[in-house]
Amino acid sequence: LAPSSVKFHQYIKNPTNMHSSRTFFHQKITELQQQPEFIRNICILAHVDHGKTTLSDSLICTNNIISPKLAGKLRYLDSRPDEQERCITMKSSSISLIFDHSTNKKVTKTKEDGTEESTIEAISTPHLINLIDSPGHVDFSYEVAAGLRLCDGGLVVVDVVEGVCSQTSTVMKQAWDEKVQTCLVLNKVDRLIEELEMTPLEAFQHLMEIIEQVNAILSSFLAEDVTKFTEKQREKGTYKAKHDDIFESQAMENTENKIHFSPEKGNVVFSSAYQ
């Protein structure tokens, strides 16, 4: 067979409207670039082989840049030949995506008879997401640090079978030091059923254990910062033992409740590439 002349970025849902779709996409991005309040820089963080690049492929296909069938196989952001050959991300790569953020707003309308009727309408606000796929290997940690300095938020991806690994803690520490707010993505949930053959209750308990492990890492970061702050106060001579100890314990408890991940807060995502 002759080699295909169709490039990867040409796999979109409506090939007949390819030119018009691209033009609209570029125009929309250009418009959003003039509105900084609707721009978010997001970095994907994880241990090696936990599914960062597959997740980025899935997000890219929502903008019809690649076909959903190619998500996870194409490795779109691994643009270097050696990355494709070794199936590993070595350099941070970025791409701009459009995301419609939907919010519910209460709208009051006046009927013909003069009575008022309140309804809830969904309002969609487009945002420009600059997505950065960072390496997961420890040898390329400097790429993660550089990407985090540009970002407003991050996605911490954890393979639910392998759990929290060494590099997971490392990238979380880098995000903590850069004061980047993160969300937790529990990836490859289908492996709990397909490979480990867990019951729903066992899978629930396993996922909660991973969330607790991640929260314990965040608590250790907070405790370390509080200890450093206390030492500085003691050096200046402004530390009061009883009063400051009580204040520190209350402040730590309140801060932990804010920084911890929990599905009820909406900062935990469950994902799977299974189709």
# chains A, B, ... in the order shown; residues from 1 in each chain; ligands from 1
>>> select_by_dssp(residues="region 39-141 of chain A", states="alpha helix (DSSP H)", output="list in words")
Lys52, Thr53, Thr54, Leu55, Ser56, Asp57, Ser58, Leu59, Ile60, Cys61, Pro81, Asp82, Glu83, Gln84, Glu85, Arg86 and Ser141 of chain A
>>> write_last_selection(atoms="N, CA and C atoms", output="mmCIF file, in the first residue's frame")
data_model
loop_
_atom_site.group_PDB
_atom_site.id
_atom_site.type_symbol
_atom_site.label_atom_id
_atom_site.label_comp_id
_atom_site.auth_asym_id
_atom_site.auth_seq_id
_atom_site.Cartn_x
_atom_site.Cartn_y
_atom_site.Cartn_z
ATOM 1 N N LYS A 52 -0.517 10.300 31.393
ATOM 2 C CA LYS A 52 -0.597 11.735 31.099
ATOM 3 C C LYS A 52 -0.862 12.000 29.623
ATOM 4 N N THR A 53 -0.068 11.366 28.752
ATOM 5 C CA THR A 53 -0.173 11.632 27.320
ATOM 6 C C THR A 53 -1.490 11.109 26.759
ATOM 7 N N THR A 54 -1.964 9.972 27.268
ATOM 8 C CA THR A 54 -3.267 9.453 26.843
ATOM 9 C C THR A 54 -4.387 10.391 27.272
ATOM 10 N N LEU A 55 -4.271 10.944 28.474
ATOM 11 C CA LEU A 55 -5.261 11.913 28.941
ATOM 12 C C LEU A 55 -5.246 13.154 28.066
ATOM 13 N N SER A 56 -4.056 13.641 27.714
ATOM 14 C CA SER A 56 -3.975 14.817 26.846
ATOM 15 C C SER A 56 -4.557 14.521 25.471
ATOM 16 N N ASP A 57 -4.332 13.304 24.935
ATOM 17 C CA ASP A 57 -4.946 12.917 23.662
ATOM 18 C C ASP A 57 -6.466 12.970 23.753
ATOM 19 N N SER A 58 -7.011 12.487 24.859
ATOM 20 C CA SER A 58 -8.468 12.487 25.044
ATOM 21 C C SER A 58 -9.020 13.900 25.114
ATOM 22 N N LEU A 59 -8.266 14.808 25.740
ATOM 23 C CA LEU A 59 -8.706 16.204 25.810
ATOM 24 C C LEU A 59 -8.590 16.882 24.448
ATOM 25 N N ILE A 60 -7.548 16.529 23.704
ATOM 26 C CA ILE A 60 -7.358 17.119 22.374
ATOM 27 C C ILE A 60 -8.459 16.689 21.418
ATOM 28 N N CYS A 61 -8.901 15.453 21.520
ATOM 29 C CA CYS A 61 -9.939 14.970 20.593
ATOM 30 C C CYS A 61 -11.282 15.647 20.840
ATOM 31 N N PRO A 81 10.824 12.465 17.342
ATOM 32 C CA PRO A 81 10.919 11.069 16.883
ATOM 33 C C PRO A 81 11.353 10.100 17.980
ATOM 34 N N ASP A 82 12.302 10.530 18.836
ATOM 35 C CA ASP A 82 12.751 9.629 19.900
ATOM 36 C C ASP A 82 11.674 9.412 20.951
ATOM 37 N N GLU A 83 10.776 10.391 21.140
ATOM 38 C CA GLU A 83 9.663 10.201 22.068
ATOM 39 C C GLU A 83 8.687 9.162 21.529
ATOM 40 N N GLN A 84 8.411 9.204 20.227
ATOM 41 C CA GLN A 84 7.513 8.232 19.622
ATOM 42 C C GLN A 84 8.131 6.831 19.632
ATOM 43 N N GLU A 85 9.428 6.751 19.408
ATOM 44 C CA GLU A 85 10.088 5.445 19.376
ATOM 45 C C GLU A 85 10.136 4.798 20.753
ATOM 46 N N ARG A 86 10.432 5.594 21.782
ATOM 47 C CA ARG A 86 10.590 5.058 23.130
ATOM 48 C C ARG A 86 9.305 5.100 23.937
ATOM 49 N N SER A 141 12.828 16.147 35.414
ATOM 50 C CA SER A 141 12.080 16.937 36.405
ATOM 51 C C SER A 141 12.169 18.432 36.133
#
>>> residues_around(residues="His206 (chain A)", least_positions_apart="6", cutoff="10 Å", atoms="only C-alpha atoms", output="ChimeraX atom specification")
/A:160-161,163,192,198,200,212
>>> residues_around(residues="Asp190 (chain A)", least_positions_apart="4", cutoff="12 Å", atoms="only C-alpha atoms", output="PyMOL selection string")
chain A and resi 159-161+186+194-200+203+270-275
>>> write_last_selection(atoms="N, CA and C atoms", output="compact mmCIF listing (two decimals), in the first residue's frame")
# COMPACT_ATOMS: atom_id res chain seq x y z
N ASP A 159 -2.24 6.42 38.55
CA ASP A 159 -2.72 5.11 38.11
C ASP A 159 -3.26 4.38 39.33
N VAL A 160 -4.55 4.02 39.31
CA VAL A 160 -5.18 3.45 40.50
C VAL A 160 -4.64 2.07 40.84
N VAL A 161 -4.02 1.39 39.90
CA VAL A 161 -3.45 0.07 40.18
C VAL A 161 -2.05 0.22 40.79
N LEU A 186 -7.78 10.25 39.12
CA LEU A 186 -7.57 8.82 39.35
C LEU A 186 -7.81 8.10 38.03
N GLU A 194 -11.10 -5.06 35.20
CA GLU A 194 -10.60 -5.96 34.16
C GLU A 194 -9.44 -6.82 34.64
N GLU A 195 -8.53 -6.25 35.41
CA GLU A 195 -7.32 -6.96 35.82
C GLU A 195 -7.41 -7.50 37.24
N LEU A 196 -7.78 -6.64 38.19
CA LEU A 196 -7.82 -7.05 39.59
C LEU A 196 -9.14 -7.70 39.99
N GLU A 197 -10.17 -7.57 39.12
CA GLU A 197 -11.48 -8.18 39.34
C GLU A 197 -12.06 -7.81 40.72
N MET A 198 -12.00 -6.53 41.03
CA MET A 198 -12.53 -6.05 42.31
C MET A 198 -14.04 -5.91 42.26
N THR A 199 -14.67 -6.08 43.40
CA THR A 199 -16.09 -5.78 43.53
C THR A 199 -16.25 -4.27 43.66
N PRO A 200 -17.46 -3.73 43.47
CA PRO A 200 -17.64 -2.29 43.62
C PRO A 200 -17.19 -1.76 44.99
N ALA A 203 -13.36 -1.76 45.10
CA ALA A 203 -12.84 -0.66 44.27
C ALA A 203 -13.01 0.68 44.98
N PHE A 270 -12.41 10.92 38.08
CA PHE A 270 -12.22 9.48 37.82
C PHE A 270 -12.22 9.28 36.30
N SER A 271 -11.16 8.70 35.77
CA SER A 271 -11.04 8.59 34.32
C SER A 271 -10.60 7.19 33.91
N SER A 272 -10.89 6.89 32.65
CA SER A 272 -10.53 5.60 32.09
C SER A 272 -10.49 5.72 30.57
N ALA A 273 -9.54 5.04 29.95
CA ALA A 273 -9.44 5.03 28.49
C ALA A 273 -10.19 3.87 27.89
N TYR A 274 -10.86 3.08 28.73
CA TYR A 274 -11.58 1.90 28.24
C TYR A 274 -12.78 2.32 27.39
N GLN A 275 -12.95 1.69 26.23
CA GLN A 275 -14.07 2.01 25.32
C GLN A 275 -14.88 0.76 25.03
>>> residues_around(residues="region 152-157 of chain A", least_positions_apart="3", cutoff="6 Å", atoms="only C-alpha atoms", output="number ranges by chain")
A: 41-46, 180-185
>>> atom_distance(atom1="CA of Leu74 (chain A)", atom2="CA of Leu148 (chain A)")
24.7 Å
>>> closest_residue(among="A:Phe140, A:Phe25, A:Phe38, A:Trp176", to="Asn64 (chain A)", atoms="only C-alpha atoms")
A:Phe25
>>> atom_distance(atom1="CA of Leu207 (chain A)", atom2="CA of Gly136 (chain A)")
21.6 Å
>>> residues_around(residues="Gln174 (chain A)", least_positions_apart="4", cutoff="9 Å", atoms="only C-alpha atoms", output="ChimeraX atom specification")
/A:144-145,148,169-170,178-180
>>> closest_residue(among="A:Thr110, A:Ser102, A:Ser166, A:Ser93", to="Asp133 (chain A)", atoms="only C-alpha atoms")
A:Ser93
>>> closest_residue(among="A:Ala146, A:Ser79, A:Ile211, A:Lys69", to="Pro263 (chain A)", atoms="only C-alpha atoms")
A:Ile211
>>> residues_around(residues="Glu224 (chain A)", least_positions_apart="5", cutoff="12 Å", atoms="only C-alpha atoms", output="number ranges by chain")
A: 173, 176-177, 217-219, 229-231, 252
>>> atom_distance(atom1="CA of Lys28 (chain A)", atom2="CA of Pro126 (chain A)")
9.1 Å
